[in-house]
$ cat my_file-v5.pdb   # PDB, C-alpha atoms and all ligand atoms
ATOM      1  CA  MET A 239     -22.264  81.255-118.150
ATOM      2  CA  THR A 240     -22.778  77.948-116.369
ATOM      3  CA  ASP A 241     -21.049  74.692-117.160
ATOM      4  CA  HIS A 242     -24.421  73.436-118.349
ATOM      5  CA  SER A 243     -24.928  76.087-121.014
ATOM      6  CA  LEU A 244     -21.255  75.970-122.037
ATOM      7  CA  LEU A 245     -21.319  72.217-122.679
ATOM      8  CA  ASP A 246     -24.832  72.187-124.094
ATOM      9  CA  ASP A 247     -23.965  74.983-126.519
ATOM     10  CA  LEU A 248     -20.934  73.043-127.750
ATOM     11  CA  ARG A 249     -22.625  69.616-128.001
ATOM     12  CA  GLY A 250     -22.916  68.634-131.642
ATOM     13  CA  SER A 251     -20.802  71.595-132.810
ATOM     14  CA  GLY A 252     -17.632  69.600-133.526
ATOM     15  CA  ARG A 253     -15.844  71.747-130.937
ATOM     16  CA  ALA A 254     -14.992  71.100-127.283
ATOM     17  CA  VAL A 255     -13.895  72.923-124.155
ATOM     18  CA  GLY A 256     -10.707  72.101-122.266
ATOM     19  CA  ALA A 257     -11.076  71.148-118.604
ATOM     20  CA  PHE A 258      -7.713  71.456-116.871
ATOM     21  CA  ASN A 259      -6.764  70.138-113.439
ATOM     22  CA  ALA A 260      -5.242  72.595-110.992
ATOM     23  CA  ILE A 261      -3.253  71.458-107.977
ATOM     24  CA  LEU A 262      -1.289  74.608-107.165
ATOM     25  CA  LEU A 263      -2.348  78.231-107.348
ATOM     26  CA  GLU A 264       0.145  78.563-110.215
ATOM     27  CA  HIS A 265      -1.837  76.004-112.233
ATOM     28  CA  ALA A 266      -5.057  77.925-111.636
ATOM     29  CA  GLU A 267      -3.487  81.259-112.577
ATOM     30  CA  ALA A 268      -1.994  79.745-115.727
ATOM     31  CA  ILE A 269      -5.268  78.069-116.750
ATOM     32  CA  VAL A 270      -7.191  81.350-116.477
ATOM     33  CA  ALA A 271      -4.418  83.308-118.214
ATOM     34  CA  GLY A 272      -4.260  80.728-121.029
ATOM     35  CA  ALA A 273      -8.006  80.996-121.602
ATOM     36  CA  GLU A 274      -7.788  84.784-121.661
ATOM     37  CA  GLU A 275      -4.926  84.589-124.153
ATOM     38  CA  ALA A 276      -6.953  82.246-126.405
ATOM     39  CA  ARG A 277     -10.140  84.250-125.772
ATOM     40  CA  LEU A 278     -12.008  81.024-125.113
ATOM     41  CA  PRO A 279     -14.007  79.638-122.162
ATOM     42  CA  VAL A 280     -12.326  77.120-119.896
ATOM     43  CA  ILE A 281     -13.147  74.686-117.101
ATOM     44  CA  LEU A 282     -10.848  74.906-114.067
ATOM     45  CA  GLN A 283     -10.962  71.604-112.189
ATOM     46  CA  ILE A 284     -10.076  70.663-108.624
ATOM     47  CA  SER A 285      -9.988  66.908-108.104
ATOM     48  CA  GLN A 286     -10.730  65.086-104.869
ATOM     49  CA  ASN A 287      -7.076  64.023-104.919
ATOM     50  CA  ALA A 288      -5.987  67.677-105.040
ATOM     51  CA  VAL A 289      -8.277  68.400-102.086
ATOM     52  CA  ARG A 290      -6.620  65.524-100.219
ATOM     53  CA  TYR A 291      -3.217  67.068-100.974
ATOM     54  CA  HIS A 292      -4.245  70.438 -99.547
ATOM     55  CA  GLY A 293      -6.109  68.888 -96.607
ATOM     56  CA  SER A 294      -9.390  70.688 -97.327
ATOM     57  CA  LEU A 295     -11.346  72.193-100.205
ATOM     58  CA  ALA A 296     -12.135  75.714 -99.086
ATOM     59  CA  PRO A 297      -8.813  77.629 -99.321
ATOM     60  CA  PHE A 298      -7.911  76.521-102.843
ATOM     61  CA  ALA A 299     -11.507  76.482-104.137
ATOM     62  CA  THR A 300     -12.064  80.011-102.871
ATOM     63  CA  ALA A 301      -8.941  81.186-104.706
ATOM     64  CA  CYS A 302     -10.096  79.454-107.916
ATOM     65  CA  LEU A 303     -13.585  80.974-107.662
ATOM     66  CA  SER A 304     -12.018  84.395-107.160
ATOM     67  CA  LEU A 305      -9.808  83.971-110.250
ATOM     68  CA  ALA A 306     -12.843  82.813-112.229
ATOM     69  CA  SER A 307     -15.013  85.725-111.229
ATOM     70  CA  SER A 308     -12.463  88.317-112.316
ATOM     71  CA  ALA A 309     -11.498  86.628-115.616
ATOM     72  CA  SER A 310     -12.258  88.270-118.958
ATOM     73  CA  VAL A 311     -13.589  84.954-120.378
ATOM     74  CA  PRO A 312     -16.044  82.420-118.889
ATOM     75  CA  VAL A 313     -14.266  80.204-116.349
ATOM     76  CA  VAL A 314     -16.260  77.372-114.754
ATOM     77  CA  VAL A 315     -14.813  75.979-111.519
ATOM     78  CA  HIS A 316     -15.537  72.240-111.361
ATOM     79  CA  LEU A 317     -15.019  69.611-108.648
ATOM     80  CA  ASP A 318     -13.456  66.615-110.420
ATOM     81  CA  HIS A 319     -13.616  62.880-109.544
ATOM     82  CA  ALA A 320     -15.459  63.333-106.262
ATOM     83  CA  GLU A 321     -16.252  59.956-104.741
ATOM     84  CA  ASP A 322     -17.337  61.456-101.435
ATOM     85  CA  GLU A 323     -20.803  63.011-101.370
ATOM     86  CA  THR A 324     -19.924  65.235 -98.403
ATOM     87  CA  LEU A 325     -17.173  66.864-100.484
ATOM     88  CA  ILE A 326     -19.795  67.651-103.133
ATOM     89  CA  ASP A 327     -21.985  69.277-100.484
ATOM     90  CA  GLN A 328     -19.001  71.370 -99.359
ATOM     91  CA  ALA A 329     -18.301  72.421-102.962
ATOM     92  CA  VAL A 330     -21.899  73.506-103.503
ATOM     93  CA  ALA A 331     -21.863  75.461-100.231
ATOM     94  CA  LEU A 332     -18.716  77.289-101.382
ATOM     95  CA  GLY A 333     -20.383  78.328-104.651
ATOM     96  CA  ILE A 334     -19.078  75.678-107.062
ATOM     97  CA  ARG A 335     -21.763  74.970-109.651
ATOM     98  CA  SER A 336     -20.266  72.042-111.561
ATOM     99  CA  VAL A 337     -19.196  68.715-110.051
ATOM    100  CA  MET A 338     -18.288  65.214-111.135
ATOM    101  CA  PHE A 339     -19.604  62.390-108.987
ATOM    102  CA  ASP A 340     -17.438  59.360-109.680
ATOM    103  CA  ALA A 341     -19.095  56.099-108.711
ATOM    104  CA  ALA A 342     -17.928  54.226-111.806
ATOM    105  CA  THR A 343     -16.232  51.451-109.873
ATOM    106  CA  LEU A 344     -19.461  50.570-108.051
ATOM    107  CA  PRO A 345     -21.919  47.990-109.378
ATOM    108  CA  TYR A 346     -24.268  49.584-111.930
ATOM    109  CA  ALA A 347     -27.384  49.694-109.713
ATOM    110  CA  GLU A 348     -25.470  51.381-106.885
ATOM    111  CA  ASN A 349     -23.864  53.848-109.280
ATOM    112  CA  VAL A 350     -27.370  54.773-110.539
ATOM    113  CA  ALA A 351     -28.863  55.122-107.061
ATOM    114  CA  ARG A 352     -26.065  57.244-105.596
ATOM    115  CA  THR A 353     -25.667  59.383-108.709
ATOM    116  CA  ARG A 354     -29.409  60.046-108.858
ATOM    117  CA  ASP A 355     -29.333  61.232-105.265
ATOM    118  CA  VAL A 356     -26.351  63.544-105.922
ATOM    119  CA  VAL A 357     -28.104  64.947-109.007
ATOM    120  CA  ARG A 358     -31.268  65.664-107.022
ATOM    121  CA  ARG A 359     -29.370  67.569-104.332
ATOM    122  CA  CYS A 360     -27.099  69.413-106.776
ATOM    123  CA  HIS A 361     -29.869  70.460-109.142
ATOM    124  CA  ALA A 362     -31.801  71.887-106.230
ATOM    125  CA  ALA A 363     -28.779  74.142-105.614
ATOM    126  CA  GLY A 364     -28.269  75.058-109.296
ATOM    127  CA  CYS A 365     -25.208  72.824-109.646
ATOM    128  CA  ARG A 366     -24.606  70.595-112.684
ATOM    129  CA  VAL A 367     -23.400  67.006-112.388
ATOM    130  CA  GLU A 368     -21.087  64.897-114.522
ATOM    131  CA  ALA A 369     -20.973  61.156-113.840
ATOM    132  CA  GLU A 370     -18.997  58.253-115.213
ATOM    133  CA  LEU A 371     -19.722  54.863-116.718
ATOM    134  CA  GLY A 372     -17.023  52.330-117.343
ATOM    135  CA  ALA A 373     -17.369  48.618-117.914
ATOM    136  CA  ILE A 374     -20.829  47.152-118.350
ATOM    137  CA  GLY A 375     -22.311  46.665-114.902
ATOM    138  CA  GLY A 376     -19.663  48.823-113.212
ATOM    139  CA  LYS A 377     -16.703  47.468-111.179
ATOM    140  CA  ASP A 378     -14.096  48.797-113.629
ATOM    141  CA  GLY A 379     -13.630  52.554-113.749
ATOM    142  CA  ALA A 380     -13.945  54.177-117.126
ATOM    143  CA  HIS A 381     -10.215  54.600-117.539
ATOM    144  CA  ALA A 382      -8.796  51.212-116.814
ATOM    145  CA  PRO A 383      -7.120  49.775-119.912
ATOM    146  CA  GLY A 384      -9.489  47.929-122.232
ATOM    147  CA  VAL A 385     -12.698  49.145-120.599
ATOM    148  CA  ARG A 386     -15.432  50.521-122.903
ATOM    149  CA  THR A 387     -18.793  52.178-122.218
ATOM    150  CA  ASP A 388     -21.801  50.420-123.698
ATOM    151  CA  PRO A 389     -24.128  52.872-125.568
ATOM    152  CA  ALA A 390     -27.339  51.171-124.426
ATOM    153  CA  GLU A 391     -26.227  51.209-120.789
ATOM    154  CA  ALA A 392     -25.111  54.848-121.151
ATOM    155  CA  THR A 393     -28.534  55.825-122.498
ATOM    156  CA  ALA A 394     -30.310  54.053-119.647
ATOM    157  CA  PHE A 395     -27.911  55.499-117.034
ATOM    158  CA  THR A 396     -28.370  59.060-118.273
ATOM    159  CA  ALA A 397     -32.161  58.757-118.256
ATOM    160  CA  ALA A 398     -32.229  57.089-114.823
ATOM    161  CA  THR A 399     -29.941  59.593-113.110
ATOM    162  CA  GLY A 400     -30.627  62.942-114.812
ATOM    163  CA  VAL A 401     -26.908  63.747-115.135
ATOM    164  CA  ASP A 402     -25.865  66.745-117.219
ATOM    165  CA  ALA A 403     -22.714  65.217-118.752
ATOM    166  CA  LEU A 404     -21.291  61.712-119.022
ATOM    167  CA  ALA A 405     -17.657  60.569-118.835
ATOM    168  CA  VAL A 406     -17.213  57.603-121.156
ATOM    169  CA  ALA A 407     -14.614  54.881-121.585
ATOM    170  CA  VAL A 408     -13.416  54.975-125.195
ATOM    171  CA  GLY A 409      -9.744  54.024-124.943
ATOM    172  CA  SER A 410      -8.015  56.702-122.870
ATOM    173  CA  VAL A 411      -6.271  55.920-119.583
ATOM    174  CA  HIS A 412      -5.437  58.360-116.796
ATOM    175  CA  ALA A 413      -1.910  59.713-116.220
ATOM    176  CA  MET A 414      -0.209  58.523-119.397
ATOM    177  CA  SER A 415       3.220  60.059-119.954
ATOM    178  CA  ARG A 416       3.153  59.344-123.709
ATOM    179  CA  ARG A 417       0.490  60.664-126.062
ATOM    180  CA  ASP A 418      -0.071  57.435-127.956
ATOM    181  CA  ALA A 419      -3.490  56.225-126.746
ATOM    182  CA  SER A 420      -5.723  55.031-129.538
ATOM    183  CA  LEU A 421      -9.373  56.031-129.162
ATOM    184  CA  ASP A 422     -12.375  54.098-130.433
ATOM    185  CA  ASN A 423     -13.824  56.845-132.626
ATOM    186  CA  ALA A 424     -16.641  54.664-133.955
ATOM    187  CA  LEU A 425     -17.757  54.093-130.342
ATOM    188  CA  ILE A 426     -17.605  57.851-129.660
ATOM    189  CA  GLU A 427     -19.980  58.378-132.601
ATOM    190  CA  ARG A 428     -22.353  55.680-131.368
ATOM    191  CA  LEU A 429     -22.330  57.144-127.843
ATOM    192  CA  ARG A 430     -22.884  60.633-129.216
ATOM    193  CA  ALA A 431     -25.932  59.414-131.134
ATOM    194  CA  ALA A 432     -27.318  57.410-128.208
ATOM    195  CA  VAL A 433     -26.676  59.699-125.214
ATOM    196  CA  ALA A 434     -28.672  62.900-124.732
ATOM    197  CA  VAL A 435     -26.018  64.817-122.759
ATOM    198  CA  PRO A 436     -22.488  66.066-123.598
ATOM    199  CA  LEU A 437     -19.741  63.415-123.533
ATOM    200  CA  VAL A 438     -16.552  63.843-121.510
ATOM    201  CA  LEU A 439     -13.131  62.389-122.296
ATOM    202  CA  HIS A 440     -10.890  61.748-119.293
ATOM    203  CA  GLY A 441      -7.209  60.844-119.427
ATOM    204  CA  SER A 442      -6.777  63.142-122.416
ATOM    205  CA  SER A 443      -3.064  63.721-121.751
ATOM    206  CA  GLY A 444      -2.415  60.342-123.376
ATOM    207  CA  VAL A 445      -4.047  61.337-126.671
ATOM    208  CA  SER A 446      -2.196  63.095-129.495
ATOM    209  CA  ASP A 447      -3.290  66.463-130.886
ATOM    210  CA  GLU A 448      -4.738  64.761-133.971
ATOM    211  CA  GLY A 449      -6.416  62.085-131.830
ATOM    212  CA  LEU A 450      -8.106  64.782-129.754
ATOM    213  CA  ARG A 451      -9.223  66.701-132.844
ATOM    214  CA  GLU A 452     -10.828  63.560-134.244
ATOM    215  CA  ALA A 453     -12.492  62.622-130.925
ATOM    216  CA  VAL A 454     -13.998  66.114-130.748
ATOM    217  CA  ARG A 455     -15.199  65.930-134.359
ATOM    218  CA  ARG A 456     -16.889  62.597-133.536
ATOM    219  CA  GLY A 457     -18.707  63.902-130.456
ATOM    220  CA  ILE A 458     -16.579  64.596-127.365
ATOM    221  CA  THR A 459     -17.542  67.954-125.798
ATOM    222  CA  LYS A 460     -15.389  68.222-122.636
ATOM    223  CA  VAL A 461     -11.713  67.202-122.672
ATOM    224  CA  ASN A 462     -10.080  66.628-119.266
ATOM    225  CA  ILE A 463      -6.346  67.308-119.144
ATOM    226  CA  GLY A 464      -4.141  67.002-116.079
ATOM    227  CA  THR A 465      -0.890  65.108-116.538
ATOM    228  CA  LEU A 466       0.143  67.041-119.645
ATOM    229  CA  LEU A 467       0.162  70.336-117.722
ATOM    230  CA  ASN A 468       2.162  68.784-114.891
ATOM    231  CA  ARG A 469       4.718  67.526-117.391
ATOM    232  CA  VAL A 470       4.995  71.005-118.920
ATOM    233  CA  LEU A 471       5.276  72.690-115.511
ATOM    234  CA  THR A 472       7.788  70.261-114.057
ATOM    235  CA  SER A 473       9.968  70.137-117.119
ATOM    236  CA  ARG A 474      10.271  73.937-117.183
ATOM    237  CA  VAL A 475      10.964  74.113-113.432
ATOM    238  CA  ARG A 476      13.538  71.322-113.725
ATOM    239  CA  GLY A 477      15.258  73.200-116.541
ATOM    240  CA  VAL A 478      15.481  76.448-114.551
ATOM    241  CA  LEU A 479      16.780  74.681-111.433
ATOM    242  CA  THR A 480      19.317  72.728-113.445
ATOM    243  CA  ASP A 481      20.603  75.957-115.002
ATOM    244  CA  ASP A 482      21.017  77.635-111.606
ATOM    245  CA  ALA A 483      21.699  75.262-108.718
ATOM    246  CA  ASP A 484      21.833  78.195-106.246
ATOM    247  CA  LEU A 485      18.261  79.334-106.888
ATOM    248  CA  SER A 486      16.069  79.316-103.765
ATOM    249  CA  ASP A 487      13.258  81.852-104.325
ATOM    250  CA  PRO A 488      10.339  79.711-105.586
ATOM    251  CA  ARG A 489       9.028  82.623-107.632
ATOM    252  CA  LYS A 490      12.152  82.388-109.792
ATOM    253  CA  TYR A 491      11.354  78.849-110.929
ATOM    254  CA  LEU A 492       7.561  78.716-110.557
ATOM    255  CA  ALA A 493       6.983  81.801-112.728
ATOM    256  CA  PRO A 494       8.620  80.223-115.819
ATOM    257  CA  GLY A 495       6.696  77.003-115.088
ATOM    258  CA  ARG A 496       3.435  78.901-114.838
ATOM    259  CA  ASP A 497       4.202  80.710-118.071
ATOM    260  CA  ALA A 498       4.815  77.427-119.903
ATOM    261  CA  VAL A 499       1.487  76.061-118.617
ATOM    262  CA  ARG A 500      -0.330  79.226-119.754
ATOM    263  CA  ALA A 501       1.012  78.798-123.286
ATOM    264  CA  GLU A 502       0.026  75.111-123.398
ATOM    265  CA  VAL A 503      -3.485  75.819-122.092
ATOM    266  CA  ALA A 504      -3.998  78.486-124.778
ATOM    267  CA  ARG A 505      -2.721  76.096-127.450
ATOM    268  CA  MET A 506      -4.937  73.218-126.300
ATOM    269  CA  LEU A 507      -8.040  75.398-126.057
ATOM    270  CA  ARG A 508      -7.510  76.579-129.637
ATOM    271  CA  LEU A 509      -6.962  73.017-130.821
ATOM    272  CA  LEU A 510     -10.189  71.838-129.130
ATOM    273  CA  ALA A 511     -12.078  74.787-130.601
ATOM    274  CA  GLY A 512     -10.994  73.665-134.078
ATOM    275  CA  GLU A 513      -8.582  76.552-134.604
ATOM    276  CA  PRO A 514      -5.165  76.045-136.219
ATOM    277  CA  VAL A 515      -2.329  75.568-133.711
ATOM    278  CA  PRO A 516       1.456  75.257-133.973
TER     279      PRO A 516
HETATM  280  O1  LIG B 601     -10.164  64.116-114.594
HETATM  281  C1  LIG B 601      -9.036  64.425-114.992
HETATM  282  C2  LIG B 601      -8.483  63.898-116.219
HETATM  283  O2  LIG B 601      -9.103  62.746-116.613
HETATM  284  C3  LIG B 601      -7.019  64.019-116.384
HETATM  285  O3  LIG B 601      -6.391  62.889-116.949
HETATM  286  O4  LIG B 601      -4.101  63.440-116.179
HETATM  287  O5  LIG B 601      -4.492  61.668-117.835
HETATM  288  O6  LIG B 601      -4.846  64.043-118.475
HETATM  289  P1  LIG B 601      -4.865  63.016-117.383
HETATM  290 ZN    ZN B 602     -10.361  61.910-114.983
END
$ encode --input "my_file-v5.pdb" --output "structure tokens"
Amino acid sequence: MTDHSLLDDLRGSGRAVGAFNAILLEHAEAIVAGAEEARLPVILQISQNAVRYHGSLAPFATACLSLASSASVPVVVHLDHAEDETLIDQAVALGIRSVMFDAATLPYAENVARTRDVVRRCHAAGCRVEAELGAIGGKDGAHAPGVRTDPAEATAFTAATGVDALAVAVGSVHAMSRRDASLDNALIERLRAAVAVPLVLHGSSGVSDEGLREAVRRGITKVNIGTLLNRVLTSRVRGVLTDDADLSDPRKYLAPGRDAVRAEVARMLRLLAGEPVP
């Protein structure tokens, strides 16, 4: 199953898919294991920042693609927040078939022109493209505080670029440590009615369970989650290391961290699918 059919099948269903950011192999293993536990599809994301951390895309992306191909549920490997077109070309060459081109901080006309070019090249290779629209006319990314996506501009942008999914600014902000963001649900509904492709919520770690449920009911189809998993992983690792100051084998603290992430991924996927969760 491609990202395209996964998101298109869910659009308008009142359900969404979780898209989780992986930095370490342990994240990727936990994301796939969590999806298998929930028996639900998942999107496994590698951001441009994670690529910068590793120094290159290929080693980690190859591992993620291998995990995806042997999973018992659909796992779509996605390149997240790519601002560099050459990184997108590398991803496509490696076999990644879902990318986000992030030109949201550019002026609108430049965002359209560069996104359209990325879409043309990606579609020729069978790769789907998500793009982002923030403040009217660009210049503010979609996840700066106070920024909102305009439905008319979103409609025009989608038609002009041919993107397959659109990240919108509706009140979430990246990397929040508290889950108290308040989303503009009326705007989500207006965007859902105006825009012909699935809508993506970024910065979802800052939104409560109930806030996410409501955003999905109103029309969000892909929910990007990064910080929340890092908080779960780090808190578990910190707990294990605090309990045993002599521990040195990383497997002894990373395995409990990975296990905690697996459980949270399964829980979030069920929540986004509209299933009851603890
Ligand atoms: O693209 C990734 C997401 O927007 C993650 O945001 O770390 O705030 O959950 P978050
Ligand atoms: Zn994001």
$ closest_residue --input "my_file-v5.pdb" --among "A:Ala493, A:Thr396, A:Ala483, A:Gly250" --to "Glu427 in chain A" --atoms "all atoms listed in the file"
A:Gly250
$ residues_near_ligand --input "my_file-v5.pdb" --ligand "ligand ZN 602 (chain B)" --cutoff "8 Å" --atoms "all atoms listed in the file" --output "ChimeraX atom specification"
/A:318-319,381,412,439-441,462-463
$ closest_residue --input "my_file-v5.pdb" --among "A:Ser243, A:Thr465, A:Ser294, A:Asn423" --to "ligand LIG 601 (chain B)" --atoms "all atoms listed in the file"
A:Thr465
$ resolve_selection --input "my_file-v5.pdb" --expression "the PyMOL selection byres (((chain A and resi 399-405) around 8) and not hetatm)" --output "list of chain:residue names"
A:His242, A:Val350, A:Ala351, A:Thr353, A:Arg354, A:Val357, A:Arg366, A:Val367, A:Glu368, A:Ala369, A:Glu370, A:Leu371, A:Ala380, A:Phe395, A:Thr396, A:Ala397, A:Ala398, A:Val406, A:Ala407, A:Val435, A:Pro436, A:Leu437, A:Val438, A:Leu439, A:His440
$ closest_residue --input "my_file-v5.pdb" --among "A:Leu244, A:Met414, A:Ala273, A:Val337" --to "ligand LIG 601 (chain B)" --atoms "all atoms listed in the file"
A:Met414
$ closest_residue --input "my_file-v5.pdb" --among "A:Gln328, A:Thr300, A:Thr459, A:Asn287" --to "ligand LIG 601 (chain B)" --atoms "all atoms listed in the file"
A:Asn287
$ atom_distance --input "my_file-v5.pdb" --atom1 "CA of Ala362 in chain A" --atom2 "CA of Glu323 in chain A"
14.9 Å
$ residues_around --input "my_file-v5.pdb" --residues "Pro312 in chain A" --least-positions-apart "6" --cutoff "8 Å" --atoms "all atoms listed in the file" --output "PDB file with C-alpha atoms, keeping the file's coordinate frame"
ATOM      1  CA  MET A 239     -22.264  81.255-118.150  1.00  0.00           C
ATOM      2  CA  LEU A 278     -12.008  81.024-125.113  1.00  0.00           C
ATOM      3  CA  PRO A 279     -14.007  79.638-122.162  1.00  0.00           C
ATOM      4  CA  VAL A 280     -12.326  77.120-119.896  1.00  0.00           C
ATOM      5  CA  ALA A 306     -12.843  82.813-112.229  1.00  0.00           C
TER       6      ALA A 306
END
$ atom_distance --input "my_file-v5.pdb" --atom1 "CA of Arg455 in chain A" --atom2 "CA of Asp246 in chain A"
15.4 Å
$ closest_residue --input "my_file-v5.pdb" --among "A:Glu348, A:Val311, A:Val385, A:Ala254" --to "Glu275 in chain A" --atoms "only C-alpha atoms"
A:Val311
$ closest_residue --input "my_file-v5.pdb" --among "A:Thr393, A:Ser304, A:Thr387, A:Asn468" --to "ligand LIG 601 (chain B)" --atoms "only C-alpha atoms and all ligand atoms"
A:Asn468
$ residues_near_point --input "my_file-v5.pdb" --point "(-20.0, 57.5, -129.5)" --cutoff "10 Å" --atoms "all atoms listed in the file" --output "compact mmCIF listing (two decimals) with C-alpha atoms, keeping the file's coordinate frame"
# COMPACT_ATOMS: atom_id res chain seq x y z
CA THR A 387 -18.79 52.18 -122.22
CA ASP A 388 -21.80 50.42 -123.70
CA PRO A 389 -24.13 52.87 -125.57
CA VAL A 406 -17.21 57.60 -121.16
CA ALA A 407 -14.61 54.88 -121.58
CA VAL A 408 -13.42 54.98 -125.20
CA ASP A 422 -12.38 54.10 -130.43
CA ASN A 423 -13.82 56.84 -132.63
CA ALA A 424 -16.64 54.66 -133.96
CA LEU A 425 -17.76 54.09 -130.34
CA ILE A 426 -17.60 57.85 -129.66
CA GLU A 427 -19.98 58.38 -132.60
CA ARG A 428 -22.35 55.68 -131.37
CA LEU A 429 -22.33 57.14 -127.84
CA ARG A 430 -22.88 60.63 -129.22
CA ALA A 431 -25.93 59.41 -131.13
CA ALA A 432 -27.32 57.41 -128.21
CA VAL A 433 -26.68 59.70 -125.21
CA LEU A 437 -19.74 63.42 -123.53
CA ALA A 453 -12.49 62.62 -130.93
CA ARG A 456 -16.89 62.60 -133.54
CA GLY A 457 -18.71 63.90 -130.46
CA ILE A 458 -16.58 64.60 -127.36
$ atom_distance --input "my_file-v5.pdb" --atom1 "CA of Ala434 in chain A" --atom2 "atom O5 of ligand LIG 601 (chain B)"
25.2 Å
$ resolve_selection --input "my_file-v5.pdb" --expression "the PyMOL selection byres (((chain A and resi 444) around 8) and not hetatm)" --output "number ranges by chain"
A: 410-419, 441-443, 445-446
$ resolve_selection --input "my_file-v5.pdb" --expression "the PyMOL selection byres (((chain A and resi 313) around 12) and not hetatm)" --output "PDB file with C-alpha atoms, in the frame of the given file"
ATOM      1  CA  MET A 239     -22.264  81.255-118.150  1.00  0.00           C
ATOM      2  CA  THR A 240     -22.778  77.948-116.369  1.00  0.00           C
ATOM      3  CA  ASP A 241     -21.049  74.692-117.160  1.00  0.00           C
ATOM      4  CA  LEU A 244     -21.255  75.970-122.037  1.00  0.00           C
ATOM      5  CA  VAL A 255     -13.895  72.923-124.155  1.00  0.00           C
ATOM      6  CA  GLY A 256     -10.707  72.101-122.266  1.00  0.00           C
ATOM      7  CA  ALA A 257     -11.076  71.148-118.604  1.00  0.00           C
ATOM      8  CA  PHE A 258      -7.713  71.456-116.871  1.00  0.00           C
ATOM      9  CA  ALA A 266      -5.057  77.925-111.636  1.00  0.00           C
ATOM     10  CA  GLU A 267      -3.487  81.259-112.577  1.00  0.00           C
ATOM     11  CA  ILE A 269      -5.268  78.069-116.750  1.00  0.00           C
ATOM     12  CA  VAL A 270      -7.191  81.350-116.477  1.00  0.00           C
ATOM     13  CA  ALA A 271      -4.418  83.308-118.214  1.00  0.00           C
ATOM     14  CA  GLY A 272      -4.260  80.728-121.029  1.00  0.00           C
ATOM     15  CA  ALA A 273      -8.006  80.996-121.602  1.00  0.00           C
ATOM     16  CA  GLU A 274      -7.788  84.784-121.661  1.00  0.00           C
ATOM     17  CA  ARG A 277     -10.140  84.250-125.772  1.00  0.00           C
ATOM     18  CA  LEU A 278     -12.008  81.024-125.113  1.00  0.00           C
ATOM     19  CA  PRO A 279     -14.007  79.638-122.162  1.00  0.00           C
ATOM     20  CA  VAL A 280     -12.326  77.120-119.896  1.00  0.00           C
ATOM     21  CA  ILE A 281     -13.147  74.686-117.101  1.00  0.00           C
ATOM     22  CA  LEU A 282     -10.848  74.906-114.067  1.00  0.00           C
ATOM     23  CA  GLN A 283     -10.962  71.604-112.189  1.00  0.00           C
ATOM     24  CA  CYS A 302     -10.096  79.454-107.916  1.00  0.00           C
ATOM     25  CA  LEU A 303     -13.585  80.974-107.662  1.00  0.00           C
ATOM     26  CA  SER A 304     -12.018  84.395-107.160  1.00  0.00           C
ATOM     27  CA  LEU A 305      -9.808  83.971-110.250  1.00  0.00           C
ATOM     28  CA  ALA A 306     -12.843  82.813-112.229  1.00  0.00           C
ATOM     29  CA  SER A 307     -15.013  85.725-111.229  1.00  0.00           C
ATOM     30  CA  SER A 308     -12.463  88.317-112.316  1.00  0.00           C
ATOM     31  CA  ALA A 309     -11.498  86.628-115.616  1.00  0.00           C
ATOM     32  CA  SER A 310     -12.258  88.270-118.958  1.00  0.00           C
ATOM     33  CA  VAL A 311     -13.589  84.954-120.378  1.00  0.00           C
ATOM     34  CA  PRO A 312     -16.044  82.420-118.889  1.00  0.00           C
ATOM     35  CA  VAL A 314     -16.260  77.372-114.754  1.00  0.00           C
ATOM     36  CA  VAL A 315     -14.813  75.979-111.519  1.00  0.00           C
ATOM     37  CA  HIS A 316     -15.537  72.240-111.361  1.00  0.00           C
ATOM     38  CA  ILE A 334     -19.078  75.678-107.062  1.00  0.00           C
ATOM     39  CA  ARG A 335     -21.763  74.970-109.651  1.00  0.00           C
ATOM     40  CA  SER A 336     -20.266  72.042-111.561  1.00  0.00           C
TER      41      SER A 336
END
$ residues_around --input "my_file-v5.pdb" --residues "Ile261 in chain A" --least-positions-apart "4" --cutoff "9 Å" --atoms "only C-alpha atoms" --output "mmCIF file with C-alpha atoms, keeping the file's coordinate frame"
data_model
loop_
_atom_site.group_PDB
_atom_site.id
_atom_site.type_symbol
_atom_site.label_atom_id
_atom_site.label_comp_id
_atom_site.auth_asym_id
_atom_site.auth_seq_id
_atom_site.Cartn_x
_atom_site.Cartn_y
_atom_site.Cartn_z
ATOM 1 C CA HIS A 265 -1.837 76.004 -112.233
ATOM 2 C CA ALA A 266 -5.057 77.925 -111.636
ATOM 3 C CA GLN A 283 -10.962 71.604 -112.189
ATOM 4 C CA ILE A 284 -10.076 70.663 -108.624
ATOM 5 C CA SER A 285 -9.988 66.908 -108.104
ATOM 6 C CA ASN A 287 -7.076 64.023 -104.919
ATOM 7 C CA ALA A 288 -5.987 67.677 -105.040
ATOM 8 C CA VAL A 289 -8.277 68.400 -102.086
ATOM 9 C CA TYR A 291 -3.217 67.068 -100.974
ATOM 10 C CA HIS A 292 -4.245 70.438 -99.547
ATOM 11 C CA PHE A 298 -7.911 76.521 -102.843
#
$ residues_around --input "my_file-v5.pdb" --residues "range 496-498 of chain A" --least-positions-apart "5" --cutoff "12 Å" --atoms "only C-alpha atoms" --output "ChimeraX atom specification"
/A:260,262-272,275,466-475,477-478,488-491,503-505
$ axis_aligned_box --input "my_file-v5.pdb" --around "ligand LIG 601 (chain B)" --padding-each-side "8 Å" --output "JSON"
{"center_x": -7.1, "center_y": 63.0, "center_z": -116.5, "size_x": 22.1, "size_y": 18.8, "size_z": 19.9}
